Each structure stands twice: as structure tokens, then as C-alpha cells.
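*Asks:* This is coords-v4.cif (mmCIF, C-alpha atoms).
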```
data_upload
#
loop_
_atom_site.group_PDB
_atom_site.id
_atom_site.type_symbol
_atom_site.label_atom_id
_atom_site.label_comp_id
_atom_site.auth_asym_id
_atom_site.auth_seq_id
_atom_site.Cartn_x
_atom_site.Cartn_y
_atom_site.Cartn_z
ATOM 1 C CA MET A 14 93.565 79.140 117.649
ATOM 2 C CA PRO A 15 95.721 82.124 118.656
ATOM 3 C CA PRO A 16 95.214 83.369 122.216
ATOM 4 C CA PRO A 17 92.719 86.240 122.505
ATOM 5 C CA SER A 18 95.484 88.460 123.894
ATOM 6 C CA ARG A 19 96.852 88.719 120.348
ATOM 7 C CA VAL A 20 93.619 90.215 119.017
ATOM 8 C CA GLU A 21 93.142 93.965 118.828
ATOM 9 C CA ILE A 22 89.836 95.349 120.141
ATOM 10 C CA ILE A 23 88.517 98.274 118.072
ATOM 11 C CA GLY A 24 85.627 100.425 119.290
ATOM 12 C CA HIS A 25 83.087 100.668 116.462
ATOM 13 C CA ARG A 26 82.071 104.310 116.082
ATOM 14 C CA GLY A 27 83.563 104.612 119.546
ATOM 15 C CA ALA A 28 81.770 102.741 122.322
ATOM 16 C CA SER A 29 78.516 102.999 120.397
ATOM 17 C CA PHE A 30 76.550 100.480 122.439
ATOM 18 C CA ASP A 31 76.750 102.844 125.403
ATOM 19 C CA ALA A 32 77.062 106.280 123.792
ATOM 20 C CA PRO A 33 75.840 108.017 120.617
ATOM 21 C CA GLU A 34 77.844 106.709 117.672
ATOM 22 C CA ASN A 35 80.667 108.728 116.175
ATOM 23 C CA THR A 36 80.519 111.462 118.819
ATOM 24 C CA LEU A 37 83.401 112.618 120.981
ATOM 25 C CA ALA A 38 81.493 111.184 123.954
ATOM 26 C CA SER A 39 81.481 107.757 122.311
ATOM 27 C CA ILE A 40 85.122 107.975 121.264
ATOM 28 C CA ARG A 41 86.302 109.045 124.711
ATOM 29 C CA LEU A 42 84.250 106.282 126.324
ATOM 30 C CA ALA A 43 85.927 103.712 124.073
ATOM 31 C CA TRP A 44 89.314 104.846 125.365
ATOM 32 C CA GLU A 45 87.984 104.629 128.938
ATOM 33 C CA GLN A 46 86.905 101.069 128.149
ATOM 34 C CA HIS A 47 90.499 100.291 127.146
ATOM 35 C CA ALA A 48 89.913 99.866 123.434
ATOM 36 C CA ASP A 49 93.152 99.328 121.527
ATOM 37 C CA ALA A 50 91.802 101.448 118.687
ATOM 38 C CA ILE A 51 88.655 103.188 117.520
ATOM 39 C CA ASP A 52 86.953 103.358 114.179
ATOM 40 C CA PHE A 53 84.733 106.182 112.998
ATOM 41 C CA ASP A 54 83.195 107.385 109.744
ATOM 42 C CA VAL A 55 83.851 110.632 107.910
ATOM 43 C CA TRP A 56 82.301 112.752 105.179
ATOM 44 C CA GLN A 57 83.358 116.058 103.685
ATOM 45 C CA SER A 58 81.096 119.021 104.338
ATOM 46 C CA ARG A 59 79.990 121.486 101.677
ATOM 47 C CA ASP A 60 82.751 123.871 102.714
ATOM 48 C CA GLY A 61 85.461 121.231 102.687
ATOM 49 C CA HIS A 62 85.759 120.111 106.328
ATOM 50 C CA VAL A 63 86.143 116.433 107.138
ATOM 51 C CA VAL A 64 83.505 115.593 109.760
ATOM 52 C CA VAL A 65 82.735 112.494 111.797
ATOM 53 C CA PHE A 66 79.385 111.002 110.787
ATOM 54 C CA HIS A 67 78.108 107.717 109.368
ATOM 55 C CA ASP A 68 74.980 108.285 107.291
ATOM 56 C CA ALA A 69 74.843 110.177 104.003
ATOM 57 C CA THR A 70 72.098 112.377 105.476
ATOM 58 C CA THR A 71 71.553 113.809 108.940
ATOM 59 C CA LYS A 72 67.966 112.524 109.215
ATOM 60 C CA ARG A 73 68.436 109.464 111.481
ATOM 61 C CA ILE A 74 70.813 111.086 113.935
ATOM 62 C CA GLY A 75 70.271 114.841 113.604
ATOM 63 C CA GLY A 76 66.635 114.993 112.503
ATOM 64 C CA VAL A 77 67.334 116.956 109.312
ATOM 65 C CA GLU A 78 66.751 115.288 105.947
ATOM 66 C CA LYS A 79 69.729 116.720 104.114
ATOM 67 C CA LEU A 80 72.999 115.323 102.795
ATOM 68 C CA VAL A 81 76.038 115.893 104.986
ATOM 69 C CA SER A 82 77.912 116.954 101.855
ATOM 70 C CA GLU A 83 75.351 119.711 101.197
ATOM 71 C CA GLN A 84 75.725 121.297 104.628
ATOM 72 C CA SER A 85 78.447 123.614 105.886
ATOM 73 C CA LEU A 86 80.332 122.866 109.066
ATOM 74 C CA GLU A 87 78.408 125.648 110.783
ATOM 75 C CA GLU A 88 75.100 124.063 109.784
ATOM 76 C CA LEU A 89 76.226 120.626 110.880
ATOM 77 C CA ARG A 90 77.377 121.972 114.247
ATOM 78 C CA GLN A 91 73.852 123.170 114.975
ATOM 79 C CA LEU A 92 72.516 119.611 115.045
ATOM 80 C CA ASP A 93 72.091 117.678 118.293
ATOM 81 C CA VAL A 94 73.558 114.232 117.610
ATOM 82 C CA GLY A 95 73.370 112.879 121.136
ATOM 83 C CA ALA A 96 69.785 113.244 122.357
ATOM 84 C CA TRP A 97 68.486 110.400 120.157
ATOM 85 C CA LYS A 98 70.551 107.955 122.217
ATOM 86 C CA HIS A 99 69.767 109.244 125.692
ATOM 87 C CA ALA A 100 68.952 112.548 127.372
ATOM 88 C CA GLN A 101 72.330 112.517 129.130
ATOM 89 C CA PHE A 102 73.988 113.009 125.738
ATOM 90 C CA ALA A 103 71.817 115.934 124.641
ATOM 91 C CA GLY A 104 73.908 118.679 123.117
ATOM 92 C CA GLU A 105 76.563 116.456 121.560
ATOM 93 C CA ARG A 106 77.703 118.008 118.303
ATOM 94 C CA ILE A 107 79.215 116.591 115.132
ATOM 95 C CA ALA A 108 82.974 116.428 115.559
ATOM 96 C CA THR A 109 85.634 117.275 113.033
ATOM 97 C CA LEU A 110 88.299 114.754 112.110
ATOM 98 C CA ALA A 111 90.875 116.918 113.856
ATOM 99 C CA GLU A 112 88.883 116.812 117.115
ATOM 100 C CA ALA A 113 88.515 113.028 116.937
ATOM 101 C CA LEU A 114 92.226 112.514 116.259
ATOM 102 C CA ALA A 115 93.115 114.762 119.202
ATOM 103 C CA THR A 116 91.669 112.112 121.555
ATOM 104 C CA VAL A 117 93.970 109.305 120.375
ATOM 105 C CA PRO A 118 96.340 108.318 123.196
ATOM 106 C CA LEU A 119 99.969 107.377 122.775
ATOM 107 C CA GLY A 120 100.250 103.851 121.427
ATOM 108 C CA LYS A 121 96.625 103.710 120.251
ATOM 109 C CA ARG A 122 95.234 104.267 116.768
ATOM 110 C CA ALA A 123 92.208 105.384 114.806
ATOM 111 C CA LEU A 124 90.637 103.693 111.785
ATOM 112 C CA ILE A 125 89.063 106.409 109.660
ATOM 113 C CA GLU A 126 86.347 105.113 107.344
ATOM 114 C CA VAL A 127 85.914 107.460 104.407
ATOM 115 C CA LYS A 128 82.265 107.300 103.319
ATOM 116 C CA CYS A 129 82.577 109.806 100.481
ATOM 117 C CA GLY A 130 84.930 109.636 97.504
ATOM 118 C CA PRO A 131 88.569 110.454 96.801
ATOM 119 C CA GLU A 132 87.755 114.162 96.600
ATOM 120 C CA ALA A 133 88.201 114.200 100.398
ATOM 121 C CA VAL A 134 91.762 112.846 100.288
ATOM 122 C CA PRO A 135 93.614 116.200 100.055
ATOM 123 C CA GLU A 136 91.862 117.618 103.132
ATOM 124 C CA LEU A 137 92.088 114.269 104.909
ATOM 125 C CA ASN A 138 95.832 114.240 104.320
ATOM 126 C CA ARG A 139 96.155 117.823 105.553
ATOM 127 C CA VAL A 140 94.373 116.981 108.814
ATOM 128 C CA LEU A 141 96.376 113.801 109.339
ATOM 129 C CA THR A 142 99.622 115.708 108.867
ATOM 130 C CA ALA A 143 98.533 118.491 111.215
ATOM 131 C CA SER A 144 97.504 115.987 113.904
ATOM 132 C CA LYS A 145 101.153 115.045 114.596
ATOM 133 C CA LEU A 146 100.100 111.429 115.116
ATOM 134 C CA ALA A 147 102.471 108.827 113.719
ATOM 135 C CA PRO A 148 101.351 107.390 110.368
ATOM 136 C CA GLU A 149 100.741 103.969 111.911
ATOM 137 C CA GLN A 150 98.262 105.561 114.329
ATOM 138 C CA THR A 151 95.946 106.678 111.539
ATOM 139 C CA VAL A 152 94.546 103.947 109.299
ATOM 140 C CA VAL A 153 92.374 105.004 106.389
ATOM 141 C CA ILE A 154 89.663 102.483 105.519
ATOM 142 C CA SER A 155 86.927 102.562 102.891
ATOM 143 C CA PHE A 156 84.529 100.463 100.835
ATOM 144 C CA HIS A 157 85.690 102.553 97.868
ATOM 145 C CA SER A 158 88.822 101.231 96.194
ATOM 146 C CA THR A 159 89.311 104.652 94.589
ATOM 147 C CA VAL A 160 89.705 106.222 98.040
ATOM 148 C CA ILE A 161 92.336 103.692 99.082
ATOM 149 C CA ALA A 162 94.258 104.093 95.837
ATOM 150 C CA ALA A 163 94.161 107.897 96.096
ATOM 151 C CA MET A 164 95.292 107.872 99.724
ATOM 152 C CA LYS A 165 98.189 105.520 99.063
ATOM 153 C CA ALA A 166 99.249 107.651 96.089
ATOM 154 C CA VAL A 167 99.754 110.736 98.266
ATOM 155 C CA ARG A 168 100.646 109.040 101.562
ATOM 156 C CA PRO A 169 102.214 105.617 101.039
ATOM 157 C CA ASP A 170 103.297 105.681 104.703
ATOM 158 C CA VAL A 171 99.700 105.767 105.991
ATOM 159 C CA PRO A 172 98.136 102.295 106.341
ATOM 160 C CA ALA A 173 94.965 101.796 104.303
ATOM 161 C CA PHE A 174 92.490 98.907 104.374
ATOM 162 C CA LEU A 175 89.772 98.027 101.893
ATOM 163 C CA VAL A 176 86.444 97.336 103.615
ATOM 164 C CA VAL A 177 84.392 94.505 102.098
ATOM 165 C CA ASN A 178 81.051 92.928 102.965
ATOM 166 C CA ILE A 179 81.726 89.258 102.264
ATOM 167 C CA ALA A 180 78.339 87.990 103.479
ATOM 168 C CA ASP A 181 77.206 86.920 100.004
ATOM 169 C CA GLY A 182 80.302 84.761 99.575
ATOM 170 C CA LYS A 183 80.676 85.745 95.932
ATOM 171 C CA GLN A 184 84.315 86.833 96.102
ATOM 172 C CA THR A 185 87.139 84.408 96.756
ATOM 173 C CA ALA A 186 90.074 85.163 99.014
ATOM 174 C CA GLU A 187 92.295 85.230 95.945
ATOM 175 C CA GLU A 188 90.101 87.815 94.209
ATOM 176 C CA LEU A 189 89.990 90.062 97.259
ATOM 177 C CA ILE A 190 93.742 89.800 97.767
ATOM 178 C CA ALA A 191 94.314 90.716 94.109
ATOM 179 C CA THR A 192 92.093 93.794 94.463
ATOM 180 C CA ALA A 193 93.910 94.866 97.617
ATOM 181 C CA LYS A 194 97.287 94.497 95.939
ATOM 182 C CA GLN A 195 96.156 96.443 92.872
ATOM 183 C CA ILE A 196 95.251 99.502 94.948
ATOM 184 C CA ASN A 197 98.255 99.133 97.321
ATOM 185 C CA ALA A 198 96.039 98.419 100.336
ATOM 186 C CA ASN A 199 97.784 97.186 103.466
ATOM 187 C CA GLY A 200 94.867 95.156 104.710
ATOM 188 C CA LEU A 201 91.300 93.920 104.342
ATOM 189 C CA ASP A 202 88.467 94.727 106.744
ATOM 190 C CA PHE A 203 85.684 92.167 106.327
ATOM 191 C CA SER A 204 82.171 91.733 107.634
ATOM 192 C CA ALA A 205 82.410 89.075 110.347
ATOM 193 C CA THR A 206 80.901 86.205 108.359
ATOM 194 C CA PRO A 207 81.885 82.771 109.755
ATOM 195 C CA THR A 208 80.306 80.918 106.824
ATOM 196 C CA VAL A 209 82.845 82.587 104.534
ATOM 197 C CA LEU A 210 85.730 83.661 106.729
ATOM 198 C CA ASP A 211 87.259 80.493 108.132
ATOM 199 C CA ALA A 212 90.857 79.530 108.940
ATOM 200 C CA ALA A 213 91.657 78.702 105.315
ATOM 201 C CA PHE A 214 90.251 82.005 104.021
ATOM 202 C CA GLY A 215 91.935 84.053 106.741
ATOM 203 C CA GLY A 216 95.201 82.213 106.288
ATOM 204 C CA LYS A 217 95.358 83.166 102.621
ATOM 205 C CA VAL A 218 94.920 86.854 103.470
ATOM 206 C CA LEU A 219 97.681 86.772 106.065
ATOM 207 C CA ALA A 220 99.982 84.751 103.798
ATOM 208 C CA ALA A 221 99.609 87.519 101.215
ATOM 209 C CA GLY A 222 101.096 89.954 103.718
ATOM 210 C CA LEU A 223 97.824 91.778 104.400
ATOM 211 C CA LYS A 224 96.336 92.771 107.736
ATOM 212 C CA LEU A 225 92.985 91.164 108.570
ATOM 213 C CA CYS A 226 90.228 92.955 110.481
ATOM 214 C CA VAL A 227 86.498 92.260 110.891
ATOM 215 C CA TRP A 228 83.321 94.117 111.851
ATOM 216 C CA THR A 229 81.003 94.071 113.812
ATOM 217 C CA VAL A 230 81.584 91.557 116.616
ATOM 218 C CA ASP A 231 79.194 91.872 119.565
ATOM 219 C CA THR A 232 78.951 88.273 120.804
ATOM 220 C CA VAL A 233 81.545 86.009 122.383
ATOM 221 C CA GLU A 234 80.653 83.205 119.984
ATOM 222 C CA LEU A 235 81.354 85.359 116.934
ATOM 223 C CA ALA A 236 84.560 86.640 118.485
ATOM 224 C CA HIS A 237 85.861 83.103 118.993
ATOM 225 C CA ALA A 238 84.892 82.158 115.428
ATOM 226 C CA MET A 239 86.832 85.118 114.082
ATOM 227 C CA ILE A 240 89.833 84.412 116.300
ATOM 228 C CA ALA A 241 89.813 80.861 114.931
ATOM 229 C CA ALA A 242 89.934 82.364 111.437
ATOM 230 C CA SER A 243 93.203 84.151 112.359
ATOM 231 C CA VAL A 244 91.667 87.631 112.435
ATOM 232 C CA GLN A 245 93.987 90.217 113.976
ATOM 233 C CA SER A 246 91.416 92.878 114.939
ATOM 234 C CA LEU A 247 87.808 92.705 116.141
ATOM 235 C CA THR A 248 85.647 95.798 115.684
ATOM 236 C CA THR A 249 82.866 95.920 118.263
ATOM 237 C CA ASN A 250 80.207 98.297 119.583
ATOM 238 C CA ARG A 251 81.112 97.063 123.094
ATOM 239 C CA PRO A 252 84.915 97.232 123.458
ATOM 240 C CA GLY A 253 85.024 97.104 127.250
ATOM 241 C CA TRP A 254 82.476 94.308 127.525
ATOM 242 C CA LEU A 255 84.081 92.187 124.824
ATOM 243 C CA ARG A 256 87.540 92.521 126.345
ATOM 244 C CA GLU A 257 86.126 91.415 129.684
ATOM 245 C CA GLN A 258 84.294 88.443 128.132
ATOM 246 C CA LEU A 259 87.436 87.308 126.324
ATOM 247 C CA LYS A 260 89.442 87.799 129.533
ATOM 248 C CA MET A 261 92.044 89.860 127.737
#
```
Is it possible to give me this structure as C-alpha cells?
*Replies:*
Amino acid sequence: MPPPSRVEIIGHRGASFDAPENTLASIRLAWEQHADAIDFDVWQSRDGHVVVFHDATTKRIGGVEKLVSEQSLEELRQLDVGAWKHAQFAGERIATLAEALATVPLGKRALIEVKCGPEAVPELNRVLTASKLAPEQTVVISFHSTVIAAMKAVRPDVPAFLVVNIADGKQTAEELIATAKQINANGLDFSATPTVLDAAFGGKVLAAGLKLCVWTVDTVELAHAMIAASVQSLTTNRPGWLREQLKM
């Protein structure tokens, strides 16, 4: 088993155990907790802005039953996306991709999960270019192979990972590697499923020259199982806590 010091700790939606997910408060807290990287989700608003948000609608977090894609940035900015977590976060607003990227420190990186389709790629690319971050600091990830393929077509220098829920165990390592290669993905980001992702499975992914990440790891036991499977990055809601538990 590789030493834990070799494993990257990624804050899932920031430090979302302690702060409202996908907000600037959560992202900044993840950096304070010494996360190596953060991951957050993005959609494109009705008027073309790329905004940081997980759900397709703003019901669960913002209290408004309406698709993110059907709201303008101005409408989205009116929503309180912090109070649901705790009163201390009341007044937190939906961030733009540009605002989230502006928090990324030197030597750290952001994994940007695109929840919508490839229609967002042109604006996504514009914001990435304007951010002045190095390409390796901005990793585009998505469950949608079309998004990865589109991103790599316009920005081959930007790393891109295909996100896959492997919990059902229906896809072999070979099949997933073939899919990744077909769309020019640089890595695979799996659900942390020890019954599927073992050392043999992980070894095949790495041998194919792909990066290997997992989500979401909030227990020490699961972290050790994933480390044993040769995973390079652990995405967790508790970056500071997990680093401390692993004595990294």
C-alpha cells in the first residue's frame, strides 16, 4: 500500500461537512483546512454564465423550484444558499465559476464538475482562459462523455476526467479505460466502491496511463481501502479531518 502522503485530498464541494456546499464560504474553508484541491459543480444559467451549484433545480438549497438553466444570473444571485446549513452562513450567494477559480492558491487546483451538457464548453473555456490559472490547475470532470470530448477538442492542454458510478459493478476496468481513451480523457473519477475498486482494478487504470480519483470518502476505513487500490486522489466532505486522521 502506498503511503498516505502520496494521496491527494480534494474538498468535495469545498469543505461541505462544515459549510454550505459549493459556496465561496465552503471553498475558502477547504483551503483553510489544507485541501490539496477542491471540487465543485457547475451549470450554465439562462443568460450563459457558468455558476457553481450541484442540483438541477434550486429547490433543495435555495427554496425555489426552478431549473438553474432557466434562471438568469441576477435571479440566481437573489437566492440565499447558506441559511439552510446554519444561520451563520445566511446570505451566501451562488458563485460564478470565475469567483470560485479566483480562490485557488498557487500550487493547488480545482476539479470542475460540469453537470449540464457540452453547450457550456465555450463559456467554460473562456472563463478558464481569463482566470490565468495554469491548465493543470483546472481539471474538468463530468459524468457526460460528450462534455469531456468537447472540452478536450477545444483545450487538449486542460486535464479532463470522466466521472463514473461503479457501484453496480457492471463495467469492467477494460471497458472504462476504453471509454476514457475514446474521448481523450486523462483520468477516471470513480465512486469509492471497495467491492469493485480493488488493487487489480486500480492497477489496470494506472497501467493505462490514466489518473485515478474517487468520491466520496468520509471514513478512515474507506480511505485506507482506496489507498490500497492505488487511488491517487480522495474526494471528501471533510478535507481537514481526513488529513488529520491519515496523519498526512
*Asks:* Using all atoms of range 28-42 of chain A listed in the file and a margin of 3 Å per side, can you give the axis-aligned box centre and edge lengths in Å to one decimal, as JSON?
*Replies:*
```
{"center_x": 81.1, "center_y": 106.5, "center_z": 121.2, "size_x": 16.5, "size_y": 18.1, "size_z": 16.1}
```
*Asks:* Using the chain letters and residue numbers of this document, give as a count of residues only the residues selected by the PyMOL selection byres ((chain A and resi 156-172) around 7).
*Replies:* 18
*Asks:* Compile the contact shell of range 216-221 of chain A as a list in words: residues with an atom at most 9 Å away, counting only C-alpha atoms, same-chain residues fewer than 2 positions apart removed.
*Replies:*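 Returned residues: Ala186, Glu187, Leu189, Ile190, Gly200, Leu201, Asp211, Ala212, Ala213, Phe214, Leu223, Lys224, Leu225, Ala242, Ser243 and Val244 of chain A.
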*Asks:* Which is closest to Val65 in chain A among A:Arg122, A:Arg26, A:Lys98, A:Arg41, if we use all atoms listed in the file?
*Replies:* A:Arg26
*Asks:* So which residues touch Cys226 in chain A within 7 Å, counting only C-alpha atoms, skipping near sequence neighbours fewer than 4 positions away, as a ChimeraX atom specification?
*Replies:* /A:201-203,244-247
*Asks:* What does the distance between CA of Val63 in chain A and CA of Gln101 in chain A come to in Å, to one decimal place?
*Replies:*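 Interatomic distance, CA of Val63 in chain A to CA of Gln101 in chain A: 26.3 Å.
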*Asks:* When distances are computed from all atoms listed in the file, which of A:Ala238, A:Ala143, A:Val94, A:Leu86 shows the smallest separation from His67 in chain A?
*Replies:*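 Ranking A:Ala238, A:Ala143, A:Val94, A:Leu86 by distance to His67 in chain A, first place goes to A:Val94.
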*Asks:* Separation of CA of Lys128 in chain A and CA of Arg256 in chain A, in Å?
*Replies:*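 Computing it gives 27.9 Å between the two atoms.
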*Asks:* List the residues selected by the PyMOL selection byres ((chain A and resi 208) around 10) in the file shown, writing them as a list in words.
*Replies:* Ile179, Ala180, Asp181, Gly182, Ala205, Thr206, Pro207, Val209, Leu210, Asp211 and Ala238 of chain A
*Asks:* Only C-alpha atoms, please: the residues just picked out, written as a PDB file, keeping the file's coordinate frame.
*Replies:*
```pdb
ATOM      1  CA  ILE A 179      81.726  89.258 102.264  1.00  0.00           C
ATOM      2  CA  ALA A 180      78.339  87.990 103.479  1.00  0.00           C
ATOM      3  CA  ASP A 181      77.206  86.920 100.004  1.00  0.00           C
ATOM      4  CA  GLY A 182      80.302  84.761  99.575  1.00  0.00           C
ATOM      5  CA  ALA A 205      82.410  89.075 110.347  1.00  0.00           C
ATOM      6  CA  THR A 206      80.901  86.205 108.359  1.00  0.00           C
ATOM      7  CA  PRO A 207      81.885  82.771 109.755  1.00  0.00           C
ATOM      8  CA  VAL A 209      82.845  82.587 104.534  1.00  0.00           C
ATOM      9  CA  LEU A 210      85.730  83.661 106.729  1.00  0.00           C
ATOM     10  CA  ASP A 211      87.259  80.493 108.132  1.00  0.00           C
ATOM     11  CA  ALA A 238      84.892  82.158 115.428  1.00  0.00           C
TER      12      ALA A 238
END
```
*Asks:* To test your reading of the syntax: which residues would the PyMOL selection byres ((chain A and resi 81) around 9) return for the file shown? Reply as a PDB file with C-alpha atoms, in the coordinates of the input.
*Replies:*
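Saved the output as out-v1.pdb:
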```
ATOM      1  CA  TRP A  56      82.301 112.752 105.179  1.00  0.00           C
ATOM      2  CA  GLN A  57      83.358 116.058 103.685  1.00  0.00           C
ATOM      3  CA  SER A  58      81.096 119.021 104.338  1.00  0.00           C
ATOM      4  CA  ARG A  59      79.990 121.486 101.677  1.00  0.00           C
ATOM      5  CA  VAL A  64      83.505 115.593 109.760  1.00  0.00           C
ATOM      6  CA  PHE A  66      79.385 111.002 110.787  1.00  0.00           C
ATOM      7  CA  ASP A  68      74.980 108.285 107.291  1.00  0.00           C
ATOM      8  CA  ALA A  69      74.843 110.177 104.003  1.00  0.00           C
ATOM      9  CA  THR A  70      72.098 112.377 105.476  1.00  0.00           C
ATOM     10  CA  THR A  71      71.553 113.809 108.940  1.00  0.00           C
ATOM     11  CA  LYS A  79      69.729 116.720 104.114  1.00  0.00           C
ATOM     12  CA  LEU A  80      72.999 115.323 102.795  1.00  0.00           C
ATOM     13  CA  SER A  82      77.912 116.954 101.855  1.00  0.00           C
ATOM     14  CA  GLU A  83      75.351 119.711 101.197  1.00  0.00           C
ATOM     15  CA  GLN A  84      75.725 121.297 104.628  1.00  0.00           C
ATOM     16  CA  SER A  85      78.447 123.614 105.886  1.00  0.00           C
ATOM     17  CA  LEU A  89      76.226 120.626 110.880  1.00  0.00           C
TER      18      LEU A  89
END
```
*Asks:* Under the rule that only C-alpha atoms are counted, which of A:Ile125, A:Leu92, A:Met239, A:Ile23 is the nearest residue to Phe53 in chain A?
*Replies:*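 Going through A:Ile125, A:Leu92, A:Met239, A:Ile23 one by one, the smallest distance to Phe53 in chain A is for A:Ile125.
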*Asks:* Determine, counting all atoms listed in the file, which protein, DNA and RNA residues have an atom within 9 Å of an atom of Glu136 in chain A; residues of the same chain fewer than 4 positions away are not included. Present the result as a CSV table (one decimal) with C-alpha atoms, in the coordinates of the input.
*Replies:*
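Ended up saving to around_3.csv:
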```csv
chain,number,residue,atom,x,y,z
A,57,GLN,CA,83.4,116.1,103.7
A,61,GLY,CA,85.5,121.2,102.7
A,62,HIS,CA,85.8,120.1,106.3
A,63,VAL,CA,86.1,116.4,107.1
A,132,GLU,CA,87.8,114.2,96.6
A,140,VAL,CA,94.4,117.0,108.8
A,141,LEU,CA,96.4,113.8,109.3
```
*Asks:* Using only C-alpha atoms, which protein or nucleic acid residues come within 9 Å of Asp49 in chain A? Drop anything in the same chain fewer than 4 positions from it, and give the result as a count of residues only.
*Replies:* 10
*Asks:* Find the residues around Leu259 in chain A up to 12 Å (all atoms listed in the file counted), leave out those fewer than 4 positions away in its own chain, and share them as a VMD selection string.
*Replies:* chain A and resid 16 to 22 231 to 237 240 247 252 to 255
*Asks:* How many Å lie between CA of Gln184 in chain A and CA of Ala241 in chain A, rounded to one decimal?
*Replies:* 20.5 Å
*Asks:* For Val117 in chain A, which residue among A:Thr142, A:Ala50, A:Val227, A:Gln91 is the nearest when counting only C-alpha atoms?
*Replies:* A:Ala50
*Asks:* Using N, CA and C atoms, give me range 201-224 of chain A from the structure I just pasted, as a PDB file, in the first residue's frame.
*Replies:*
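Saved to out.pdb:
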```pdb
ATOM      1  N   LEU A 201      -9.974   8.871 -14.657  1.00  0.00           N
ATOM      2  CA  LEU A 201     -11.285   8.360 -14.262  1.00  0.00           C
ATOM      3  C   LEU A 201     -11.519   8.711 -12.802  1.00  0.00           C
ATOM      4  N   ASP A 202     -12.717   9.164 -12.504  1.00  0.00           N
ATOM      5  CA  ASP A 202     -13.105   9.575 -11.155  1.00  0.00           C
ATOM      6  C   ASP A 202     -14.273   8.696 -10.739  1.00  0.00           C
ATOM      7  N   PHE A 203     -13.990   7.698  -9.900  1.00  0.00           N
ATOM      8  CA  PHE A 203     -14.970   6.668  -9.561  1.00  0.00           C
ATOM      9  C   PHE A 203     -15.645   6.918  -8.221  1.00  0.00           C
ATOM     10  N   SER A 204     -16.852   6.358  -8.071  1.00  0.00           N
ATOM     11  CA  SER A 204     -17.443   6.243  -6.742  1.00  0.00           C
ATOM     12  C   SER A 204     -16.547   5.304  -5.935  1.00  0.00           C
ATOM     13  N   ALA A 205     -16.336   5.637  -4.679  1.00  0.00           N
ATOM     14  CA  ALA A 205     -15.442   4.833  -3.830  1.00  0.00           C
ATOM     15  C   ALA A 205     -16.153   3.545  -3.433  1.00  0.00           C
ATOM     16  N   THR A 206     -15.964   2.510  -4.230  1.00  0.00           N
ATOM     17  CA  THR A 206     -16.689   1.247  -4.065  1.00  0.00           C
ATOM     18  C   THR A 206     -15.684   0.113  -3.888  1.00  0.00           C
ATOM     19  N   PRO A 207     -15.339  -0.241  -2.640  1.00  0.00           N
ATOM     20  CA  PRO A 207     -14.304  -1.252  -2.400  1.00  0.00           C
ATOM     21  C   PRO A 207     -14.616  -2.622  -2.988  1.00  0.00           C
ATOM     22  N   THR A 208     -15.900  -2.956  -3.118  1.00  0.00           N
ATOM     23  CA  THR A 208     -16.262  -4.260  -3.678  1.00  0.00           C
ATOM     24  C   THR A 208     -15.918  -4.359  -5.162  1.00  0.00           C
ATOM     25  N   VAL A 209     -15.736  -3.228  -5.800  1.00  0.00           N
ATOM     26  CA  VAL A 209     -15.374  -3.202  -7.223  1.00  0.00           C
ATOM     27  C   VAL A 209     -13.938  -2.729  -7.415  1.00  0.00           C
ATOM     28  N   LEU A 210     -13.623  -1.613  -6.771  1.00  0.00           N
ATOM     29  CA  LEU A 210     -12.319  -0.992  -6.952  1.00  0.00           C
ATOM     30  C   LEU A 210     -11.314  -1.566  -5.957  1.00  0.00           C
ATOM     31  N   ASP A 211     -10.587  -2.573  -6.408  1.00  0.00           N
ATOM     32  CA  ASP A 211      -9.528  -3.166  -5.599  1.00  0.00           C
ATOM     33  C   ASP A 211      -8.187  -2.900  -6.272  1.00  0.00           C
ATOM     34  N   ALA A 212      -7.111  -3.498  -5.752  1.00  0.00           N
ATOM     35  CA  ALA A 212      -5.780  -3.234  -6.283  1.00  0.00           C
ATOM     36  C   ALA A 212      -5.648  -3.637  -7.750  1.00  0.00           C
ATOM     37  N   ALA A 213      -6.286  -4.743  -8.115  1.00  0.00           N
ATOM     38  CA  ALA A 213      -6.203  -5.211  -9.504  1.00  0.00           C
ATOM     39  C   ALA A 213      -6.893  -4.232 -10.445  1.00  0.00           C
ATOM     40  N   PHE A 214      -8.090  -3.791 -10.053  1.00  0.00           N
ATOM     41  CA  PHE A 214      -8.883  -2.856 -10.855  1.00  0.00           C
ATOM     42  C   PHE A 214      -8.136  -1.532 -10.995  1.00  0.00           C
ATOM     43  N   GLY A 215      -7.687  -1.005  -9.847  1.00  0.00           N
ATOM     44  CA  GLY A 215      -6.968   0.270  -9.856  1.00  0.00           C
ATOM     45  C   GLY A 215      -5.668   0.183 -10.637  1.00  0.00           C
ATOM     46  N   GLY A 216      -4.993  -0.933 -10.517  1.00  0.00           N
ATOM     47  CA  GLY A 216      -3.733  -1.116 -11.225  1.00  0.00           C
ATOM     48  C   GLY A 216      -3.900  -1.062 -12.735  1.00  0.00           C
ATOM     49  N   LYS A 217      -4.991  -1.592 -13.224  1.00  0.00           N
ATOM     50  CA  LYS A 217      -5.253  -1.566 -14.670  1.00  0.00           C
ATOM     51  C   LYS A 217      -5.442  -0.131 -15.161  1.00  0.00           C
ATOM     52  N   VAL A 218      -6.156   0.675 -14.364  1.00  0.00           N
ATOM     53  CA  VAL A 218      -6.385   2.071 -14.742  1.00  0.00           C
ATOM     54  C   VAL A 218      -5.064   2.834 -14.808  1.00  0.00           C
ATOM     55  N   LEU A 219      -4.242   2.654 -13.796  1.00  0.00           N
ATOM     56  CA  LEU A 219      -2.954   3.349 -13.764  1.00  0.00           C
ATOM     57  C   LEU A 219      -2.029   2.861 -14.869  1.00  0.00           C
ATOM     58  N   ALA A 220      -2.043   1.559 -15.131  1.00  0.00           N
ATOM     59  CA  ALA A 220      -1.199   0.991 -16.189  1.00  0.00           C
ATOM     60  C   ALA A 220      -1.579   1.531 -17.565  1.00  0.00           C
ATOM     61  N   ALA A 221      -2.832   1.958 -17.694  1.00  0.00           N
ATOM     62  CA  ALA A 221      -3.302   2.530 -18.961  1.00  0.00           C
ATOM     63  C   ALA A 221      -2.898   3.995 -19.109  1.00  0.00           C
ATOM     64  N   GLY A 222      -2.206   4.519 -18.101  1.00  0.00           N
ATOM     65  CA  GLY A 222      -1.754   5.902 -18.161  1.00  0.00           C
ATOM     66  C   GLY A 222      -2.789   6.921 -17.743  1.00  0.00           C
ATOM     67  N   LEU A 223      -3.828   6.469 -17.036  1.00  0.00           N
ATOM     68  CA  LEU A 223      -4.903   7.356 -16.591  1.00  0.00           C
ATOM     69  C   LEU A 223      -4.754   7.699 -15.119  1.00  0.00           C
ATOM     70  N   LYS A 224      -5.174   8.895 -14.746  1.00  0.00           N
ATOM     71  CA  LYS A 224      -5.242   9.280 -13.347  1.00  0.00           C
ATOM     72  C   LYS A 224      -6.434   8.580 -12.707  1.00  0.00           C
TER      73      LYS A 224
END
```
